[in-house]
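Inspection log for the structure reproduced underneath, given as structure tokens.
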Amino acid sequence: MLIIQKGVATVKKFLFATAAAGVCGLFAASASAHNTLTNMEAYAGYMTDFEMRVTHGCKGSPVKEVRMKIPDGMVRVSVGNNRDWKTEVKMRKLDKPVPGDGGNMLTEAVDEITWKDPASPMPAGGVFEGFKFRGMVPKDAAGKIMFFRTINVCTEGDDKYIDLPKEELTASTPGLPKKLIEFMSATPGPSPFVIVVKPTKPQYPWEEMEPSKAEAPTQQKAAAN
Ligand SMILES: [Cu+2]
């Protein structure tokens, strides 16, 4: 009798702990178990709004800081105003300048964003919080998968979502869904990611579509000859 009660107590304790912690391990393969980007796909060459979604604290400890690394090639990054968190950006020098807003040239790009010193820490379980930023998805990234490595710093300990797939994955990798599940469950800390797709129309309705290489007149002529 005593043993059974002890068993029940243990189960209860386990359920409580997992509910409070938001559970990393149990649902590791589910897309909502870790830090994830709200959008699963983004268009190459689009200025895109992103939200990094933090879904739980570190083993029951509330989140007090979130750091994120911007993937290479992504420029014109800005951080959404946030009244609860202080935001900070770290810059890096670009190998060669790229066009920015209104024709000026950029020599630096945002390398890292940090959200810290919250009005109150994000509770460890039962809620999620979104961290907004935007930026230009690289034009030449269509078909690629971009990874946004993030670290959650908690009142006690931290969770690092910085792992990358063992083999390079792209949108056209055969068996991609299965390989993504493998990647997301291979370690406790898979990096959030977004699949970059080629747009079929310009981002804004007042823009002309750039002719793709396949439609270029010279190639059509070459094909006709
Ligand atoms: Cu997790």
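Here's how to read the names in the structure tokens: chain A, B, ... by the order shown, residue numbers from 1 in each chain, ligand numbers from 1 in the order shown.
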
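Within 10 Å of segment 167-183 of chain A, once only C-alpha atoms are used and residues closer than 2 positions along the same chain are dropped, the contacting residues are Ala28, Ala29, Ser30, Ala31, Ala142, Gly143, Lys144, Ile145, Met146, Asp163, Leu164, Pro165, Ser185, Ala186, Thr187, Gly189, Pro190, Ser191, Ile195, Val196 and Val197 of chain A.
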
Mind writing the picked residues with N, CA and C atoms as a PDB file, in the first residue's frame?
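After the write, out-v1.pdb holds the following:
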ATOM      1  N   ALA A  28       9.877  16.248 -28.122  1.00  0.00           N
ATOM      2  CA  ALA A  28      10.995  16.857 -28.835  1.00  0.00           C
ATOM      3  C   ALA A  28      10.725  16.956 -30.331  1.00  0.00           C
ATOM      4  N   ALA A  29       9.962  16.003 -30.852  1.00  0.00           N
ATOM      5  CA  ALA A  29       9.727  16.011 -32.299  1.00  0.00           C
ATOM      6  C   ALA A  29       8.615  16.988 -32.686  1.00  0.00           C
ATOM      7  N   SER A  30       7.860  17.449 -31.714  1.00  0.00           N
ATOM      8  CA  SER A  30       6.799  18.392 -32.051  1.00  0.00           C
ATOM      9  C   SER A  30       7.397  19.778 -32.236  1.00  0.00           C
ATOM     10  N   ALA A  31       6.895  20.472 -33.225  1.00  0.00           N
ATOM     11  CA  ALA A  31       7.503  21.756 -33.585  1.00  0.00           C
ATOM     12  C   ALA A  31       7.342  22.793 -32.491  1.00  0.00           C
ATOM     13  N   ALA A 142      16.780  31.037 -51.967  1.00  0.00           N
ATOM     14  CA  ALA A 142      15.635  30.182 -52.289  1.00  0.00           C
ATOM     15  C   ALA A 142      16.050  28.712 -52.274  1.00  0.00           C
ATOM     16  N   GLY A 143      15.260  27.901 -51.613  1.00  0.00           N
ATOM     17  CA  GLY A 143      15.552  26.468 -51.520  1.00  0.00           C
ATOM     18  C   GLY A 143      16.386  26.111 -50.311  1.00  0.00           C
ATOM     19  N   LYS A 144      16.965  27.125 -49.677  1.00  0.00           N
ATOM     20  CA  LYS A 144      17.801  26.833 -48.507  1.00  0.00           C
ATOM     21  C   LYS A 144      16.965  26.819 -47.232  1.00  0.00           C
ATOM     22  N   ILE A 145      17.555  26.315 -46.183  1.00  0.00           N
ATOM     23  CA  ILE A 145      16.929  26.391 -44.866  1.00  0.00           C
ATOM     24  C   ILE A 145      17.823  27.279 -44.005  1.00  0.00           C
ATOM     25  N   MET A 146      17.243  28.342 -43.460  1.00  0.00           N
ATOM     26  CA  MET A 146      18.026  29.267 -42.629  1.00  0.00           C
ATOM     27  C   MET A 146      17.800  28.950 -41.157  1.00  0.00           C
ATOM     28  N   ASP A 163      21.815  23.823 -32.164  1.00  0.00           N
ATOM     29  CA  ASP A 163      22.293  22.686 -32.962  1.00  0.00           C
ATOM     30  C   ASP A 163      21.792  22.769 -34.400  1.00  0.00           C
ATOM     31  N   LEU A 164      22.623  22.265 -35.305  1.00  0.00           N
ATOM     32  CA  LEU A 164      22.292  22.258 -36.728  1.00  0.00           C
ATOM     33  C   LEU A 164      22.196  20.806 -37.201  1.00  0.00           C
ATOM     34  N   PRO A 165      21.533  20.564 -38.341  1.00  0.00           N
ATOM     35  CA  PRO A 165      21.468  19.186 -38.852  1.00  0.00           C
ATOM     36  C   PRO A 165      22.865  18.661 -39.163  1.00  0.00           C
ATOM     37  N   SER A 185      14.636  15.999 -33.210  1.00  0.00           N
ATOM     38  CA  SER A 185      14.649  15.110 -32.040  1.00  0.00           C
ATOM     39  C   SER A 185      16.043  14.536 -31.759  1.00  0.00           C
ATOM     40  N   ALA A 186      17.015  14.847 -32.591  1.00  0.00           N
ATOM     41  CA  ALA A 186      18.368  14.287 -32.407  1.00  0.00           C
ATOM     42  C   ALA A 186      19.033  14.823 -31.141  1.00  0.00           C
ATOM     43  N   THR A 187      18.768  16.076 -30.801  1.00  0.00           N
ATOM     44  CA  THR A 187      19.391  16.696 -29.632  1.00  0.00           C
ATOM     45  C   THR A 187      18.320  17.510 -28.890  1.00  0.00           C
ATOM     46  N   GLY A 189      18.551  20.547 -28.284  1.00  0.00           N
ATOM     47  CA  GLY A 189      18.668  21.960 -28.636  1.00  0.00           C
ATOM     48  C   GLY A 189      18.733  22.257 -30.120  1.00  0.00           C
ATOM     49  N   PRO A 190      17.724  21.797 -30.925  1.00  0.00           N
ATOM     50  CA  PRO A 190      17.753  22.136 -32.352  1.00  0.00           C
ATOM     51  C   PRO A 190      17.526  23.622 -32.576  1.00  0.00           C
ATOM     52  N   SER A 191      18.241  24.214 -33.522  1.00  0.00           N
ATOM     53  CA  SER A 191      18.045  25.633 -33.844  1.00  0.00           C
ATOM     54  C   SER A 191      16.689  25.839 -34.511  1.00  0.00           C
ATOM     55  N   ILE A 195      12.224  27.719 -43.865  1.00  0.00           N
ATOM     56  CA  ILE A 195      12.525  27.231 -45.217  1.00  0.00           C
ATOM     57  C   ILE A 195      12.298  28.389 -46.182  1.00  0.00           C
ATOM     58  N   VAL A 196      13.318  28.688 -46.973  1.00  0.00           N
ATOM     59  CA  VAL A 196      13.210  29.829 -47.895  1.00  0.00           C
ATOM     60  C   VAL A 196      12.681  29.337 -49.237  1.00  0.00           C
ATOM     61  N   VAL A 197      11.597  29.946 -49.680  1.00  0.00           N
ATOM     62  CA  VAL A 197      11.005  29.551 -50.953  1.00  0.00           C
ATOM     63  C   VAL A 197      11.102  30.690 -51.964  1.00  0.00           C
TER      64      VAL A 197
END

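Atom CA of Gly135 of chain A is positioned 19.5 Å from atom CA of Thr200 of chain A.
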
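When DSSP is run on the backbone, the residues of segment 4-163 of chain A that fall into alpha helix (DSSP H) are Ile4, Gln5, Lys6, Gly7, Val8, Ala9, Thr10, Val11, Lys12, Lys13, Phe14, Leu15, Phe16, Ala17, Thr18, Ala19, Ala20 and Ala21 of chain A.
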
Write out as number ranges by chain which residues come within 9 Å of Val63 of chain A when counting only C-alpha atoms, dropping same-chain ones fewer than 4 positions away.
A: 54, 56-58, 121-124, 152-156, 158

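Each of A:Val75, A:Met184, A:Val66, A:Met40 was compared to ligand 1 using only C-alpha atoms and all ligand atoms, and A:Met184 turns out to be the nearest.
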
Suppose you want the space between atom CA of Val194 of chain A and atom CA of Asp111 of chain A; what is it in Å?
17.3 Å

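Nearest to ligand 1 of all the residues A:Gly80, A:Gly60, A:Pro118, A:Gly102 is A:Gly60, counting only C-alpha atoms and all ligand atoms.
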
Proximity to Pro202 of chain A - best of A:Lys160, A:Lys139, A:Lys59, A:Arg83, only C-alpha atoms:
A:Lys139
